[in-house]
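S.K.: This is the structure I want to talk about, given as structure tokens.
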Amino acid sequence: MNIVSDTEAEPGRRTRRFRISSVEVLCAILLIAILAQSRLQQVFDVPALRTGSTVFVAVCVQALPFLVLGVLISGAIAAFVPARVLEKVLPRRAGAAVGVAGLAGVALPGCECASVPVARRLMGQGVAPAAALTFLLAAPAVNPVVLVATAVAFPGKPEMVLARFAGSLATAMVMGWLWARWGKLEWITSRALRRLPDVAGGQRWRVFAETARTDLVEAGGFLVLGALISSALNVLVPAKWFGVLGGQLVLGVVVMAVLAVVLALCSEADAFVAASLTALPLLPKLVFLVVGPAIDVKLFALQAGTFGRSFAVRFAPATFVVAVACAVGAGFLVGVA
């Protein structure tokens with residue numbers, strides 16, 4: 001007699017297998033931490049670890065509200081602000097459109113991760129690439145959320161807020177004008193120039209929730225990573241090393257510019273990481289804040305995937321050089337240096 005299994009008798013029914021997800025792993029870690037609390041306290045009762053954990057928690061707690069607000073605004077823009085709205089207000093002449101697009105970044109904030117698909121959407125709606133790329137650089141750097149976060153991270157130093165705004169806006173507009181003058185459409189992959197459909201009315205809230213959730217998960221991960229690195233720098237790197245950078249202004253600017261590219265922090269949170277490096281002077285910190293939202297490793301990957309590698313290998317290095325120059329210029333102009 002043949003015994004027919006349930007899966008053979010009912011082809012439509014699938015056996016469900018229990019899979020361990022990140023939620024179960026987190027619950028298990030929390031349970032172990034609670035049960036072994038006294039033992040863990042003895043193991044981690046080290047002054048250096050206490051200092052590092054204090055810096056880590058301080059950076060995360062200060063930055064998280066601004067990060068959440070930023071991703072909520074970014075989700076609202078993706079769902080409720082059609083790209084044709086910007087197309088109507090932008091002048092047809094590329095040079096003038098660059099200036100308007102740069103200022104539009106003040107009114108339409110978003111994180112740098114979200115600005116890449118928004119810029120692609122603008123191109124798909126017929127906006128000039130120079131204006132779309134200007135908005136890509138301006139939106140995550142000069143919006144109110146980032147400026148307020150910078151003011152909170154640097155209390156009593158309004159010149160840092162002004163210098164960051166001026167340096168970031170100048171970076172976006174200079175890159176837009178450079179693209180309008182020398183950029184070529186063949187550098188941008190054809191799929192990025194295809195017209196994209198508007199979000200359907202019934203899907204707006206779904207797009208809002210999904211965009212905000214995705215941005216929060218991605219940006220939150222970079223925030224935690226940045227906070228860990230910041231706490232490690234404060235504990236593991238001797239203070240005299242930062243003192244050397246403080247005495248060598250050019251070296252400090254170069255190191256912080258490269259660090260901004262490597263750390264790839266969210267623009268809503270990077271000011272708190274920069275402020276935690278207390279031994280550094282303000283100008284290298286300003287360079288860090290201007291370069292980070294303009295170009296970093298994750299932005300290079302996003303730009304290469306969205307606009308093509310031919311575009312990214314030209315646009316990213318030029319953006320890095322322009323951002324450093326604009327940050328230094330804004331610093332000396334405002335009096336941060």
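Note on naming: chains are A, B, ... as they come in the structure tokens, residues start from 1 per chain, ligands start from 1 in the order shown.
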For Val152 (chain A), list every protein, DNA or RNA residue within 10 Å, evaluated using only C-alpha atoms, and leave out those in the same chain fewer than 3 positions away; present the list as a list in words.
M.R.: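 In the requested form, the answer reads Gln62, Ala63, Val146, Leu147, Val148, Ala149, Pro155, Gly156, Lys157, Pro158, Val161, Ala271, Phe272 and Ala275 of chain A.
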S.K.: Store the residues picked out above in a file with N, CA and C atoms, as a PDB file, in the first residue's frame.
M.R.:
ATOM      1  N   GLN A  62      21.087  61.898  20.524  1.00  0.00           N
ATOM      2  CA  GLN A  62      20.974  63.253  19.987  1.00  0.00           C
ATOM      3  C   GLN A  62      20.544  63.247  18.518  1.00  0.00           C
ATOM      4  N   ALA A  63      21.042  62.294  17.751  1.00  0.00           N
ATOM      5  CA  ALA A  63      20.810  62.314  16.309  1.00  0.00           C
ATOM      6  C   ALA A  63      19.502  61.647  15.901  1.00  0.00           C
ATOM      7  N   VAL A 146      18.728  69.330   8.689  1.00  0.00           N
ATOM      8  CA  VAL A 146      20.182  69.231   8.837  1.00  0.00           C
ATOM      9  C   VAL A 146      20.746  70.473   9.526  1.00  0.00           C
ATOM     10  N   LEU A 147      20.234  71.640   9.165  1.00  0.00           N
ATOM     11  CA  LEU A 147      20.755  72.872   9.771  1.00  0.00           C
ATOM     12  C   LEU A 147      20.410  72.960  11.252  1.00  0.00           C
ATOM     13  N   VAL A 148      19.189  72.547  11.623  1.00  0.00           N
ATOM     14  CA  VAL A 148      18.820  72.548  13.043  1.00  0.00           C
ATOM     15  C   VAL A 148      19.664  71.522  13.802  1.00  0.00           C
ATOM     16  N   ALA A 149      19.876  70.350  13.211  1.00  0.00           N
ATOM     17  CA  ALA A 149      20.720  69.343  13.849  1.00  0.00           C
ATOM     18  C   ALA A 149      22.140  69.869  14.054  1.00  0.00           C
ATOM     19  N   PRO A 155      26.283  73.939  19.882  1.00  0.00           N
ATOM     20  CA  PRO A 155      25.592  75.045  20.564  1.00  0.00           C
ATOM     21  C   PRO A 155      26.513  76.241  20.756  1.00  0.00           C
ATOM     22  N   GLY A 156      25.952  77.413  20.538  1.00  0.00           N
ATOM     23  CA  GLY A 156      26.737  78.628  20.699  1.00  0.00           C
ATOM     24  C   GLY A 156      27.700  78.916  19.563  1.00  0.00           C
ATOM     25  N   LYS A 157      27.585  78.165  18.458  1.00  0.00           N
ATOM     26  CA  LYS A 157      28.457  78.381  17.304  1.00  0.00           C
ATOM     27  C   LYS A 157      27.607  78.525  16.045  1.00  0.00           C
ATOM     28  N   PRO A 158      26.864  79.604  15.912  1.00  0.00           N
ATOM     29  CA  PRO A 158      26.032  79.796  14.708  1.00  0.00           C
ATOM     30  C   PRO A 158      26.858  79.902  13.436  1.00  0.00           C
ATOM     31  N   VAL A 161      26.748  76.676  11.457  1.00  0.00           N
ATOM     32  CA  VAL A 161      25.523  76.478  10.674  1.00  0.00           C
ATOM     33  C   VAL A 161      25.591  77.274   9.381  1.00  0.00           C
ATOM     34  N   ALA A 271      26.551  65.705  12.067  1.00  0.00           N
ATOM     35  CA  ALA A 271      27.013  66.823  12.889  1.00  0.00           C
ATOM     36  C   ALA A 271      27.338  66.372  14.314  1.00  0.00           C
ATOM     37  N   PHE A 272      26.583  65.422  14.839  1.00  0.00           N
ATOM     38  CA  PHE A 272      26.813  64.957  16.209  1.00  0.00           C
ATOM     39  C   PHE A 272      28.099  64.137  16.292  1.00  0.00           C
ATOM     40  N   ALA A 275      30.915  66.736  16.087  1.00  0.00           N
ATOM     41  CA  ALA A 275      31.029  67.493  17.331  1.00  0.00           C
ATOM     42  C   ALA A 275      31.678  66.677  18.447  1.00  0.00           C
TER      43      ALA A 275
END
S.K.: Rounded to one decimal in Å, what is the spacing between CA of Val98 (chain A) and CA of Ala130 (chain A)?
M.R.: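 Between CA of Val98 (chain A) and CA of Ala130 (chain A) the gap works out to 6.4 Å.
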S.K.: So that I can check the surroundings of Gly292 (chain A), please list as a count of residues only every protein, DNA and RNA residue that reaches within 12 Å of it, counting only C-alpha atoms and ignoring chain neighbours fewer than 3 positions away.
M.R.: 46
